[in-house]
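Enquirer: File entry_18.pdb below, PDB, C-alpha atoms:
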```pdb
ATOM      1  CA  MET A   1     -64.985 -34.366  10.402
ATOM      2  CA  ASP A   2     -68.545 -35.637  10.805
ATOM      3  CA  PHE A   3     -68.754 -35.785  14.581
ATOM      4  CA  LYS A   4     -71.812 -38.071  14.789
ATOM      5  CA  ASP A   5     -70.250 -40.647  12.467
ATOM      6  CA  GLU A   6     -66.950 -40.495  14.302
ATOM      7  CA  LEU A   7     -68.669 -40.865  17.671
ATOM      8  CA  GLN A   8     -70.619 -43.860  16.419
ATOM      9  CA  ASN A   9     -67.429 -45.471  15.089
ATOM     10  CA  LYS A  10     -65.728 -45.027  18.461
ATOM     11  CA  GLN A  11     -68.742 -46.458  20.268
ATOM     12  CA  ILE A  12     -68.566 -49.525  18.022
ATOM     13  CA  ILE A  13     -64.878 -49.912  18.858
ATOM     14  CA  VAL A  14     -65.699 -49.820  22.580
ATOM     15  CA  ASN A  15     -68.577 -52.289  22.238
ATOM     16  CA  ASP A  16     -66.348 -54.727  20.382
ATOM     17  CA  LEU A  17     -63.626 -54.615  23.008
ATOM     18  CA  LEU A  18     -66.186 -55.057  25.805
ATOM     19  CA  LEU A  19     -67.181 -58.344  24.210
ATOM     20  CA  LYS A  20     -63.508 -59.270  24.051
ATOM     21  CA  TYR A  21     -62.933 -58.706  27.766
ATOM     22  CA  LEU A  22     -66.209 -60.070  29.127
ATOM     23  CA  PRO A  23     -65.548 -63.296  31.057
ATOM     24  CA  ASN A  24     -67.386 -66.523  30.272
ATOM     25  CA  SER A  25     -68.177 -69.645  32.249
ATOM     26  CA  SER A  26     -68.083 -73.278  31.161
ATOM     27  CA  PHE A  27     -70.252 -74.313  34.124
ATOM     28  CA  GLU A  28     -74.027 -74.313  34.408
ATOM     29  CA  TYR A  29     -73.955 -73.546  38.120
ATOM     30  CA  ASP A  30     -72.813 -69.918  37.876
ATOM     31  CA  LYS A  31     -73.976 -69.157  34.341
ATOM     32  CA  VAL A  32     -76.501 -66.570  35.506
ATOM     33  CA  ILE A  33     -73.877 -64.171  36.848
ATOM     34  CA  PHE A  34     -72.134 -64.008  33.491
ATOM     35  CA  GLU A  35     -75.483 -63.429  31.775
ATOM     36  CA  ALA A  36     -76.285 -60.582  34.178
ATOM     37  CA  MET A  37     -72.873 -58.972  33.667
ATOM     38  CA  LYS A  38     -73.255 -59.143  29.890
ATOM     39  CA  TYR A  39     -76.856 -57.919  29.987
ATOM     40  CA  SER A  40     -75.963 -54.726  31.833
ATOM     41  CA  LEU A  41     -72.620 -54.056  30.154
ATOM     42  CA  LEU A  42     -74.025 -54.339  26.627
ATOM     43  CA  ALA A  43     -77.358 -52.602  27.291
ATOM     44  CA  GLY A  44     -76.410 -49.570  25.209
ATOM     45  CA  GLY A  45     -74.795 -46.458  26.620
ATOM     46  CA  LYS A  46     -72.789 -43.558  25.248
ATOM     47  CA  ARG A  47     -69.398 -45.099  26.201
ATOM     48  CA  ILE A  48     -68.205 -41.640  27.223
ATOM     49  CA  ARG A  49     -65.520 -42.756  29.674
ATOM     50  CA  PRO A  50     -63.532 -45.168  27.472
ATOM     51  CA  ILE A  51     -63.826 -42.744  24.559
ATOM     52  CA  LEU A  52     -62.395 -39.957  26.717
ATOM     53  CA  MET A  53     -59.543 -42.240  27.754
ATOM     54  CA  MET A  54     -58.820 -43.018  24.105
ATOM     55  CA  GLN A  55     -58.830 -39.314  23.213
ATOM     56  CA  ALA A  56     -56.430 -38.337  25.987
ATOM     57  CA  PHE A  57     -54.117 -41.183  24.958
ATOM     58  CA  GLU A  58     -54.083 -40.034  21.315
ATOM     59  CA  ILE A  59     -53.700 -36.328  22.160
ATOM     60  CA  CYS A  60     -50.667 -37.185  24.315
ATOM     61  CA  LYS A  61     -49.081 -39.023  21.370
ATOM     62  CA  GLY A  62     -49.946 -42.560  22.415
ATOM     63  CA  GLN A  63     -48.876 -44.832  19.584
ATOM     64  CA  ASP A  64     -51.352 -47.725  19.537
ATOM     65  CA  VAL A  65     -54.830 -47.576  21.067
ATOM     66  CA  LYS A  66     -54.841 -51.375  21.342
ATOM     67  CA  GLN A  67     -52.336 -50.950  24.194
ATOM     68  CA  ILE A  68     -55.003 -49.357  26.380
ATOM     69  CA  GLU A  69     -57.978 -51.554  25.444
ATOM     70  CA  PRO A  70     -58.003 -53.374  28.817
ATOM     71  CA  TYR A  71     -58.184 -50.043  30.651
ATOM     72  CA  MET A  72     -60.953 -48.750  28.403
ATOM     73  CA  ALA A  73     -62.963 -51.931  29.012
ATOM     74  CA  ALA A  74     -62.236 -51.748  32.738
ATOM     75  CA  MET A  75     -63.489 -48.167  32.963
ATOM     76  CA  GLU A  76     -66.791 -49.056  31.310
ATOM     77  CA  MET A  77     -67.165 -52.087  33.583
ATOM     78  CA  ILE A  78     -66.663 -49.890  36.641
ATOM     79  CA  HIS A  79     -69.207 -47.408  35.310
ATOM     80  CA  THR A  80     -71.723 -50.185  34.618
ATOM     81  CA  TYR A  81     -71.256 -51.695  38.072
ATOM     82  CA  SER A  82     -72.082 -48.291  39.573
ATOM     83  CA  LEU A  83     -75.273 -48.064  37.501
ATOM     84  CA  ILE A  84     -76.410 -51.549  38.548
ATOM     85  CA  HIS A  85     -75.988 -50.630  42.209
ATOM     86  CA  ASP A  86     -77.476 -47.140  41.682
ATOM     87  CA  ASP A  87     -80.697 -48.694  40.375
ATOM     88  CA  LEU A  88     -81.186 -51.063  43.344
ATOM     89  CA  PRO A  89     -84.219 -50.620  45.637
ATOM     90  CA  ALA A  90     -81.944 -49.482  48.481
ATOM     91  CA  MET A  91     -80.526 -46.720  46.271
ATOM     92  CA  ASP A  92     -82.556 -45.015  43.500
ATOM     93  CA  ASP A  93     -85.036 -47.894  43.057
ATOM     94  CA  ASP A  94     -85.346 -47.591  39.267
ATOM     95  CA  ASP A  95     -87.008 -50.151  37.016
ATOM     96  CA  TYR A  96     -85.488 -49.095  33.687
ATOM     97  CA  ARG A  97     -82.046 -48.138  32.452
ATOM     98  CA  ARG A  98     -81.268 -47.272  28.808
ATOM     99  CA  GLY A  99     -84.785 -48.356  27.836
ATOM    100  CA  MET A 100     -84.359 -51.850  29.313
ATOM    101  CA  LEU A 101     -85.262 -53.455  32.617
ATOM    102  CA  THR A 102     -82.650 -52.743  35.259
ATOM    103  CA  CYS A 103     -80.442 -55.648  36.285
ATOM    104  CA  HIS A 104     -82.301 -56.359  39.525
ATOM    105  CA  LYS A 105     -85.651 -56.348  37.714
ATOM    106  CA  LYS A 106     -84.305 -58.815  35.142
ATOM    107  CA  PHE A 107     -82.277 -61.143  37.386
ATOM    108  CA  GLY A 108     -83.316 -60.348  40.949
ATOM    109  CA  GLU A 109     -81.735 -58.109  43.551
ATOM    110  CA  ASP A 110     -79.257 -60.726  44.788
ATOM    111  CA  ILE A 111     -77.796 -61.460  41.340
ATOM    112  CA  ALA A 112     -77.723 -57.737  40.489
ATOM    113  CA  ILE A 113     -75.597 -56.977  43.549
ATOM    114  CA  LEU A 114     -73.230 -59.795  42.638
ATOM    115  CA  ALA A 115     -73.141 -58.782  38.960
ATOM    116  CA  GLY A 116     -72.044 -55.280  39.980
ATOM    117  CA  ASP A 117     -69.402 -56.726  42.284
ATOM    118  CA  ALA A 118     -68.223 -59.061  39.530
ATOM    119  CA  LEU A 119     -67.843 -56.262  36.964
ATOM    120  CA  LEU A 120     -65.852 -54.154  39.426
ATOM    121  CA  ASN A 121     -63.554 -57.048  40.297
ATOM    122  CA  ASN A 122     -63.135 -58.079  36.673
ATOM    123  CA  ALA A 123     -62.082 -54.534  35.787
ATOM    124  CA  TYR A 124     -59.099 -54.785  38.122
ATOM    125  CA  GLU A 125     -58.298 -58.316  36.992
ATOM    126  CA  ILE A 126     -57.872 -57.322  33.361
ATOM    127  CA  MET A 127     -55.844 -54.190  34.190
ATOM    128  CA  ILE A 128     -53.489 -56.097  36.503
ATOM    129  CA  LYS A 129     -53.070 -58.909  33.993
ATOM    130  CA  ASN A 130     -52.129 -56.401  31.295
ATOM    131  CA  SER A 131     -49.670 -54.492  33.480
ATOM    132  CA  LEU A 132     -47.723 -57.675  34.244
ATOM    133  CA  LYS A 133     -46.859 -58.117  30.566
ATOM    134  CA  GLU A 134     -44.758 -54.995  30.151
ATOM    135  CA  SER A 135     -41.328 -53.615  30.986
ATOM    136  CA  GLU A 136     -40.764 -51.924  34.343
ATOM    137  CA  ILE A 137     -41.090 -48.370  32.965
ATOM    138  CA  ILE A 138     -44.293 -49.081  31.066
ATOM    139  CA  THR A 139     -45.688 -51.045  34.010
ATOM    140  CA  ASN A 140     -45.139 -48.046  36.285
ATOM    141  CA  ASN A 141     -47.256 -45.859  33.977
ATOM    142  CA  LYS A 142     -49.968 -48.501  33.976
ATOM    143  CA  LEU A 143     -49.904 -48.745  37.759
ATOM    144  CA  LEU A 144     -50.254 -44.959  37.977
ATOM    145  CA  ALA A 145     -53.240 -45.156  35.638
ATOM    146  CA  MET A 146     -54.758 -47.908  37.773
ATOM    147  CA  LYS A 147     -54.238 -45.769  40.883
ATOM    148  CA  GLU A 148     -56.129 -42.918  39.215
ATOM    149  CA  ILE A 149     -58.991 -45.254  38.316
ATOM    150  CA  GLY A 150     -59.056 -46.975  41.702
ATOM    151  CA  THR A 151     -59.081 -43.702  43.637
ATOM    152  CA  ALA A 152     -61.826 -42.256  41.434
ATOM    153  CA  ALA A 153     -63.995 -45.336  41.964
ATOM    154  CA  GLY A 154     -63.426 -45.546  45.723
ATOM    155  CA  VAL A 155     -64.308 -43.728  48.931
ATOM    156  CA  ARG A 156     -62.369 -40.625  47.855
ATOM    157  CA  GLY A 157     -64.296 -40.591  44.604
ATOM    158  CA  MET A 158     -67.500 -42.180  43.345
ATOM    159  CA  ILE A 159     -68.410 -44.173  46.465
ATOM    160  CA  GLY A 160     -67.703 -41.173  48.677
ATOM    161  CA  GLY A 161     -70.046 -39.049  46.575
ATOM    162  CA  GLN A 162     -72.667 -41.779  46.598
ATOM    163  CA  VAL A 163     -72.562 -41.984  50.397
ATOM    164  CA  VAL A 164     -73.264 -38.278  50.778
ATOM    165  CA  ASP A 165     -76.007 -38.614  48.158
ATOM    166  CA  VAL A 166     -77.933 -41.201  50.192
ATOM    167  CA  ILE A 167     -77.377 -40.341  53.857
ATOM    168  CA  ASP A 168     -79.081 -36.942  54.070
ATOM    169  CA  LYS A 169     -81.633 -35.658  51.577
ATOM    170  CA  GLU A 170     -82.917 -32.823  53.788
ATOM    171  CA  ASN A 171     -79.910 -30.671  54.724
ATOM    172  CA  VAL A 172     -78.528 -30.292  51.224
ATOM    173  CA  ASP A 173     -77.183 -27.002  49.916
ATOM    174  CA  LEU A 174     -75.141 -26.101  46.845
ATOM    175  CA  ASP A 175     -71.832 -26.971  48.546
ATOM    176  CA  VAL A 176     -73.084 -30.477  49.305
ATOM    177  CA  ILE A 177     -74.401 -30.905  45.768
ATOM    178  CA  ASN A 178     -71.072 -29.803  44.310
ATOM    179  CA  TYR A 179     -69.302 -32.301  46.569
ATOM    180  CA  ILE A 180     -71.600 -35.089  45.380
ATOM    181  CA  HIS A 181     -71.191 -34.180  41.709
ATOM    182  CA  ILE A 182     -67.411 -33.819  41.926
ATOM    183  CA  HIS A 183     -67.003 -37.193  43.609
ATOM    184  CA  LYS A 184     -69.863 -39.255  42.209
ATOM    185  CA  THR A 185     -69.722 -38.152  38.562
ATOM    186  CA  SER A 186     -66.667 -36.016  37.818
ATOM    187  CA  ALA A 187     -64.099 -38.262  39.511
ATOM    188  CA  ILE A 188     -64.561 -41.137  37.060
ATOM    189  CA  ILE A 189     -64.618 -38.789  34.065
ATOM    190  CA  GLU A 190     -61.449 -37.081  35.317
ATOM    191  CA  ALA A 191     -59.778 -40.483  35.762
ATOM    192  CA  SER A 192     -60.759 -41.535  32.256
ATOM    193  CA  LEU A 193     -58.777 -38.609  30.885
ATOM    194  CA  THR A 194     -55.851 -38.663  33.322
ATOM    195  CA  SER A 195     -55.348 -42.422  33.015
ATOM    196  CA  GLY A 196     -55.413 -42.148  29.220
ATOM    197  CA  ALA A 197     -52.732 -39.467  29.426
ATOM    198  CA  LEU A 198     -50.623 -41.514  31.845
ATOM    199  CA  LEU A 199     -50.826 -44.547  29.589
ATOM    200  CA  ALA A 200     -49.351 -42.374  26.826
ATOM    201  CA  ASN A 201     -46.488 -41.325  29.127
ATOM    202  CA  ALA A 202     -47.772 -37.756  29.301
ATOM    203  CA  SER A 203     -46.109 -35.008  31.301
ATOM    204  CA  CYS A 204     -47.407 -34.018  34.733
ATOM    205  CA  GLU A 205     -48.659 -30.763  33.234
ATOM    206  CA  GLU A 206     -50.663 -32.607  30.575
ATOM    207  CA  VAL A 207     -52.156 -34.978  33.152
ATOM    208  CA  GLU A 208     -53.257 -32.091  35.359
ATOM    209  CA  THR A 209     -54.739 -30.214  32.393
ATOM    210  CA  PHE A 210     -56.844 -33.260  31.600
ATOM    211  CA  ARG A 211     -57.877 -33.425  35.245
ATOM    212  CA  LYS A 212     -59.206 -29.861  34.966
ATOM    213  CA  ILE A 213     -61.001 -30.672  31.717
ATOM    214  CA  GLY A 214     -62.543 -33.754  33.324
ATOM    215  CA  ARG A 215     -63.717 -31.778  36.350
ATOM    216  CA  CYS A 216     -65.442 -29.229  34.125
ATOM    217  CA  ILE A 217     -67.163 -31.665  31.802
ATOM    218  CA  GLY A 218     -68.056 -34.023  34.655
ATOM    219  CA  LEU A 219     -69.896 -31.257  36.485
ATOM    220  CA  ALA A 220     -71.518 -30.053  33.265
ATOM    221  CA  PHE A 221     -72.598 -33.602  32.442
ATOM    222  CA  GLN A 222     -74.269 -34.079  35.837
ATOM    223  CA  ILE A 223     -76.049 -30.726  35.822
ATOM    224  CA  GLN A 224     -77.341 -31.525  32.329
ATOM    225  CA  ASP A 225     -78.532 -34.878  33.710
ATOM    226  CA  ASP A 226     -80.449 -33.007  36.417
ATOM    227  CA  ILE A 227     -82.068 -30.791  33.792
ATOM    228  CA  LEU A 228     -83.032 -33.762  31.617
ATOM    229  CA  ASP A 229     -84.586 -35.496  34.634
ATOM    230  CA  ILE A 230     -87.103 -32.652  34.631
ATOM    231  CA  THR A 231     -87.439 -31.661  30.960
ATOM    232  CA  SER A 232     -86.982 -34.901  28.997
ATOM    233  CA  THR A 233     -89.333 -37.831  28.416
ATOM    234  CA  GLU A 234     -88.956 -41.441  29.511
ATOM    235  CA  ALA A 235     -88.894 -42.563  25.867
ATOM    236  CA  GLU A 236     -86.062 -40.175  25.015
ATOM    237  CA  LEU A 237     -84.053 -40.679  28.193
ATOM    238  CA  GLY A 238     -84.436 -44.466  28.349
ATOM    239  CA  LYS A 239     -85.269 -44.386  32.071
ATOM    240  CA  PRO A 240     -87.988 -42.874  34.263
ATOM    241  CA  ILE A 241     -87.932 -39.096  34.534
ATOM    242  CA  GLY A 242     -88.513 -37.305  37.806
ATOM    243  CA  SER A 243     -86.551 -39.911  39.773
ATOM    244  CA  ASP A 244     -84.735 -37.206  41.771
ATOM    245  CA  SER A 245     -88.042 -35.729  42.852
ATOM    246  CA  LYS A 246     -89.435 -39.187  43.616
ATOM    247  CA  ASN A 247     -86.486 -39.901  45.891
ATOM    248  CA  GLY A 248     -86.646 -36.506  47.580
ATOM    249  CA  LYS A 249     -83.289 -35.387  46.194
ATOM    250  CA  LYS A 250     -82.257 -31.798  45.849
ATOM    251  CA  THR A 251     -80.203 -31.048  42.744
ATOM    252  CA  TYR A 252     -78.406 -28.092  41.201
ATOM    253  CA  VAL A 253     -81.598 -27.429  39.227
ATOM    254  CA  THR A 254     -83.975 -27.498  42.204
ATOM    255  CA  ILE A 255     -81.774 -24.974  44.012
ATOM    256  CA  LYS A 256     -80.659 -22.688  41.165
ATOM    257  CA  GLY A 257     -83.382 -23.242  38.575
ATOM    258  CA  ILE A 258     -83.081 -24.342  34.954
ATOM    259  CA  GLN A 259     -81.831 -21.058  33.523
ATOM    260  CA  GLN A 260     -78.977 -20.593  36.003
ATOM    261  CA  SER A 261     -78.145 -24.277  35.642
ATOM    262  CA  LYS A 262     -77.795 -23.852  31.880
ATOM    263  CA  GLU A 263     -75.589 -20.808  32.433
ATOM    264  CA  LYS A 264     -73.374 -22.856  34.758
ATOM    265  CA  ILE A 265     -73.088 -25.594  32.121
ATOM    266  CA  ASN A 266     -72.022 -23.032  29.523
ATOM    267  CA  GLU A 267     -69.406 -21.639  31.911
ATOM    268  CA  LEU A 268     -67.994 -25.109  32.619
ATOM    269  CA  ILE A 269     -67.939 -26.081  28.939
ATOM    270  CA  ASP A 270     -66.177 -22.834  27.999
ATOM    271  CA  ASP A 271     -63.558 -23.471  30.695
ATOM    272  CA  ALA A 272     -63.017 -27.038  29.466
ATOM    273  CA  LEU A 273     -62.546 -25.827  25.893
ATOM    274  CA  GLN A 274     -60.077 -23.165  27.053
ATOM    275  CA  TYR A 275     -57.981 -25.789  28.841
ATOM    276  CA  LEU A 276     -58.094 -27.999  25.750
ATOM    277  CA  ASP A 277     -57.127 -25.165  23.404
ATOM    278  CA  ASN A 278     -54.024 -24.524  25.509
ATOM    279  CA  MET A 279     -52.724 -28.025  24.820
ATOM    280  CA  ASN A 280     -49.980 -28.379  22.242
ATOM    281  CA  SER A 281     -51.616 -30.939  19.962
ATOM    282  CA  ASN A 282     -53.203 -31.171  16.534
ATOM    283  CA  LYS A 283     -55.451 -34.052  17.612
ATOM    284  CA  THR A 284     -57.967 -32.195  19.747
ATOM    285  CA  GLU A 285     -60.761 -31.697  17.187
ATOM    286  CA  PHE A 286     -62.868 -34.693  18.192
ATOM    287  CA  LEU A 287     -62.563 -33.987  21.917
ATOM    288  CA  HIS A 288     -63.496 -30.354  21.238
ATOM    289  CA  GLN A 289     -66.673 -31.505  19.478
ATOM    290  CA  PHE A 290     -67.283 -34.114  22.166
ATOM    291  CA  ILE A 291     -67.252 -31.465  24.891
ATOM    292  CA  LEU A 292     -69.829 -29.435  22.944
ATOM    293  CA  TYR A 293     -71.890 -32.605  22.526
ATOM    294  CA  ILE A 294     -72.041 -33.010  26.321
ATOM    295  CA  ARG A 295     -73.601 -29.557  26.599
ATOM    296  CA  ASN A 296     -76.218 -30.206  23.928
ATOM    297  CA  ARG A 297     -77.084 -33.858  24.583
ATOM    298  CA  LYS A 298     -80.738 -34.831  24.949
ATOM    299  CA  LYS A 299     -80.260 -38.202  26.631
TER     300      LYS A 299
END
```
Starting from the file, lay out its structure as structure tokens.
Expert:
Amino acid sequence: MDFKDELQNKQIIVNDLLLKYLPNSSFEYDKVIFEAMKYSLLAGGKRIRPILMMQAFEICKGQDVKQIEPYMAAMEMIHTYSLIHDDLPAMDDDDYRRGMLTCHKKFGEDIAILAGDALLNNAYEIMIKNSLKESEIITNNKLLAMKEIGTAAGVRGMIGGQVVDVIDKENVDLDVINYIHIHKTSAIIEASLTSGALLANASCEEVETFRKIGRCIGLAFQIQDDILDITSTEAELGKPIGSDSKNGKKTYVTIKGIQQSKEKINELIDDALQYLDNMNSNKTEFLHQFILYIRNRKK
């Protein structure tokens, strides 16, 4: 398997389904909000979360990926909404994302806030609409998947981590940073995998194994992000480097240093691969390579 080609093919699949589930307006009055949603959602990106959902679904013997398309699109919409709000002046105050102007720089702060809200709401609309089409048993699995996604995106997940990230930048130690990373970054990655497994009617054991894998790669992903914020270039990263330092944020790297941070990434990746290898499936090759890709990514 050529991993880069396969990854690109999966990213194309995700981009196509995002276009399918993006809402449109027939009115001139509110046209700008749909333009802002589309601008941010289609502004590139690795599409990690929907791809992870698709992989968990296939590993757990899900029969037709088209069945989970609404949930894949919803997950990317939730992720994009979080980036729009992350970039706002009240948060990280960034001007560029993925090499393009951030939503508030393109459309104004008011429309950016609403575009983020609209993407979040639309994510739940398309998942609910899909769940209403199925039999009671299948609907229950879809509701469980939605619960995973909703919890990961809420105050016990991403928003909870974001709150801790913004309220106190002085009294931050490694325990606080781990809390932020687990909730702000890992939670959504965990939910991508667990919801994909649930949508394939996986066992409780399989779901919890994917939760462990997601926790490991989510933490590794964020620590690698912290390293790249110091070592990469704006051209390569597609956004300003040194933003953590600019905003006075302590990170895993500022506390432990680059070398120990890299060692922690390796430990987390090895753990994730061990969990994956223990799964009884012959469809784990791409996810195995994908986990290694997270360790070695440059942007």
Enquirer: May I have the residues within 12 Å of A:Gly218 as a PyMOL selection string, using all atoms listed in the file and disregarding those fewer than 2 positions away in the same chain?
Expert: chain A and resi 48-49+52+158+178+180-193+210-216+220-225+265+268-269+272+291+294-295
Enquirer: Since we have the selection now, will you write its residues out, keeping C-alpha atoms, as a PDB file, in the coordinates of the input?
Expert:
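Below you can see out_22.pdb, which holds the result:
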```pdb
ATOM      1  CA  ILE A  48     -68.205 -41.640  27.223  1.00  0.00           C
ATOM      2  CA  ARG A  49     -65.520 -42.756  29.674  1.00  0.00           C
ATOM      3  CA  LEU A  52     -62.395 -39.957  26.717  1.00  0.00           C
ATOM      4  CA  MET A 158     -67.500 -42.180  43.345  1.00  0.00           C
ATOM      5  CA  ASN A 178     -71.072 -29.803  44.310  1.00  0.00           C
ATOM      6  CA  ILE A 180     -71.600 -35.089  45.380  1.00  0.00           C
ATOM      7  CA  HIS A 181     -71.191 -34.180  41.709  1.00  0.00           C
ATOM      8  CA  ILE A 182     -67.411 -33.819  41.926  1.00  0.00           C
ATOM      9  CA  HIS A 183     -67.003 -37.193  43.609  1.00  0.00           C
ATOM     10  CA  LYS A 184     -69.863 -39.255  42.209  1.00  0.00           C
ATOM     11  CA  THR A 185     -69.722 -38.152  38.562  1.00  0.00           C
ATOM     12  CA  SER A 186     -66.667 -36.016  37.818  1.00  0.00           C
ATOM     13  CA  ALA A 187     -64.099 -38.262  39.511  1.00  0.00           C
ATOM     14  CA  ILE A 188     -64.561 -41.137  37.060  1.00  0.00           C
ATOM     15  CA  ILE A 189     -64.618 -38.789  34.065  1.00  0.00           C
ATOM     16  CA  GLU A 190     -61.449 -37.081  35.317  1.00  0.00           C
ATOM     17  CA  ALA A 191     -59.778 -40.483  35.762  1.00  0.00           C
ATOM     18  CA  SER A 192     -60.759 -41.535  32.256  1.00  0.00           C
ATOM     19  CA  LEU A 193     -58.777 -38.609  30.885  1.00  0.00           C
ATOM     20  CA  PHE A 210     -56.844 -33.260  31.600  1.00  0.00           C
ATOM     21  CA  ARG A 211     -57.877 -33.425  35.245  1.00  0.00           C
ATOM     22  CA  LYS A 212     -59.206 -29.861  34.966  1.00  0.00           C
ATOM     23  CA  ILE A 213     -61.001 -30.672  31.717  1.00  0.00           C
ATOM     24  CA  GLY A 214     -62.543 -33.754  33.324  1.00  0.00           C
ATOM     25  CA  ARG A 215     -63.717 -31.778  36.350  1.00  0.00           C
ATOM     26  CA  CYS A 216     -65.442 -29.229  34.125  1.00  0.00           C
ATOM     27  CA  ALA A 220     -71.518 -30.053  33.265  1.00  0.00           C
ATOM     28  CA  PHE A 221     -72.598 -33.602  32.442  1.00  0.00           C
ATOM     29  CA  GLN A 222     -74.269 -34.079  35.837  1.00  0.00           C
ATOM     30  CA  ILE A 223     -76.049 -30.726  35.822  1.00  0.00           C
ATOM     31  CA  GLN A 224     -77.341 -31.525  32.329  1.00  0.00           C
ATOM     32  CA  ASP A 225     -78.532 -34.878  33.710  1.00  0.00           C
ATOM     33  CA  ILE A 265     -73.088 -25.594  32.121  1.00  0.00           C
ATOM     34  CA  LEU A 268     -67.994 -25.109  32.619  1.00  0.00           C
ATOM     35  CA  ILE A 269     -67.939 -26.081  28.939  1.00  0.00           C
ATOM     36  CA  ALA A 272     -63.017 -27.038  29.466  1.00  0.00           C
ATOM     37  CA  ILE A 291     -67.252 -31.465  24.891  1.00  0.00           C
ATOM     38  CA  ILE A 294     -72.041 -33.010  26.321  1.00  0.00           C
ATOM     39  CA  ARG A 295     -73.601 -29.557  26.599  1.00  0.00           C
TER      40      ARG A 295
END
```
Enquirer: Mind giving me the straight-line distance from atom CA of A:Ser261 to atom CA of A:Thr231 in Å, one decimal?
Expert: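 According to the coordinates, atom CA of A:Ser261 and atom CA of A:Thr231 are separated by 12.8 Å.
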Enquirer: Could you tell me how far atom CA of A:Asn9 sits from atom CA of A:Lys133, in Å to one decimal place?
Expert: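 About the pair atom CA of A:Lys133 and atom CA of A:Asn9: they are 28.7 Å apart.
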Enquirer: At a cut-off of 12 Å from (-72.7, -53.1, 41.6) in the coordinates of the file, what residues are picked up using only C-alpha atoms, written as an MDAnalysis selection string?
Expert: chainID A and resid 36:37 40:41 77:88 91 102:104 109:122 153 159
Enquirer: For the file shown, report as a PDB file with C-alpha atoms, in the frame of the given file the outcome of the PyMOL selection byres ((chain A and resi 145) around 8) at residue level.
Expert:
```
ATOM      1  CA  ASN A 141     -47.256 -45.859  33.977  1.00  0.00           C
ATOM      2  CA  LYS A 142     -49.968 -48.501  33.976  1.00  0.00           C
ATOM      3  CA  LEU A 143     -49.904 -48.745  37.759  1.00  0.00           C
ATOM      4  CA  LEU A 144     -50.254 -44.959  37.977  1.00  0.00           C
ATOM      5  CA  MET A 146     -54.758 -47.908  37.773  1.00  0.00           C
ATOM      6  CA  LYS A 147     -54.238 -45.769  40.883  1.00  0.00           C
ATOM      7  CA  GLU A 148     -56.129 -42.918  39.215  1.00  0.00           C
ATOM      8  CA  ILE A 149     -58.991 -45.254  38.316  1.00  0.00           C
ATOM      9  CA  THR A 194     -55.851 -38.663  33.322  1.00  0.00           C
ATOM     10  CA  SER A 195     -55.348 -42.422  33.015  1.00  0.00           C
ATOM     11  CA  GLY A 196     -55.413 -42.148  29.220  1.00  0.00           C
ATOM     12  CA  LEU A 198     -50.623 -41.514  31.845  1.00  0.00           C
ATOM     13  CA  LEU A 199     -50.826 -44.547  29.589  1.00  0.00           C
TER      14      LEU A 199
END
```
Enquirer: With all atoms listed in the file as the basis for distance, which of A:Phe34, A:Tyr293, A:Phe27, A:Tyr39 is at the shortest distance from A:Lys106?
Expert: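 Smallest separation from A:Lys106 among the options: A:Tyr39.
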Enquirer: How many Å lie between atom CA of A:Thr151 and atom CA of A:Ile217, rounded to one decimal?
Expert: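 Calculated distance between atom CA of A:Thr151 and atom CA of A:Ile217 is 18.7 Å.
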Enquirer: Given the file shown, enumerate the residues that the PyMOL selection byres ((chain A and resi 68) around 12) captures and present them as a tab-separated table (two decimals) with C-alpha atoms, in the coordinates of the input.
Expert:
```tsv
chain	number	residue	atom	x	y	z
A	14	VAL	CA	-65.70	-49.82	22.58
A	17	LEU	CA	-63.63	-54.62	23.01
A	50	PRO	CA	-63.53	-45.17	27.47
A	51	ILE	CA	-63.83	-42.74	24.56
A	52	LEU	CA	-62.40	-39.96	26.72
A	53	MET	CA	-59.54	-42.24	27.75
A	54	MET	CA	-58.82	-43.02	24.10
A	55	GLN	CA	-58.83	-39.31	23.21
A	56	ALA	CA	-56.43	-38.34	25.99
A	57	PHE	CA	-54.12	-41.18	24.96
A	58	GLU	CA	-54.08	-40.03	21.32
A	62	GLY	CA	-49.95	-42.56	22.42
A	63	GLN	CA	-48.88	-44.83	19.58
A	64	ASP	CA	-51.35	-47.72	19.54
A	65	VAL	CA	-54.83	-47.58	21.07
A	66	LYS	CA	-54.84	-51.38	21.34
A	67	GLN	CA	-52.34	-50.95	24.19
A	69	GLU	CA	-57.98	-51.55	25.44
A	70	PRO	CA	-58.00	-53.37	28.82
A	71	TYR	CA	-58.18	-50.04	30.65
A	72	MET	CA	-60.95	-48.75	28.40
A	73	ALA	CA	-62.96	-51.93	29.01
A	74	ALA	CA	-62.24	-51.75	32.74
A	75	MET	CA	-63.49	-48.17	32.96
A	126	ILE	CA	-57.87	-57.32	33.36
A	127	MET	CA	-55.84	-54.19	34.19
A	130	ASN	CA	-52.13	-56.40	31.30
A	131	SER	CA	-49.67	-54.49	33.48
A	138	ILE	CA	-44.29	-49.08	31.07
A	141	ASN	CA	-47.26	-45.86	33.98
A	142	LYS	CA	-49.97	-48.50	33.98
A	145	ALA	CA	-53.24	-45.16	35.64
A	146	MET	CA	-54.76	-47.91	37.77
A	192	SER	CA	-60.76	-41.54	32.26
A	195	SER	CA	-55.35	-42.42	33.02
A	196	GLY	CA	-55.41	-42.15	29.22
A	197	ALA	CA	-52.73	-39.47	29.43
A	198	LEU	CA	-50.62	-41.51	31.84
A	199	LEU	CA	-50.83	-44.55	29.59
A	200	ALA	CA	-49.35	-42.37	26.83
```
Enquirer: For A:Asp16, which residue among A:Lys4, A:Asp173, A:Gln274, A:Leu42 is the nearest when counting all atoms listed in the file?
Expert: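 Closest candidate: A:Leu42.
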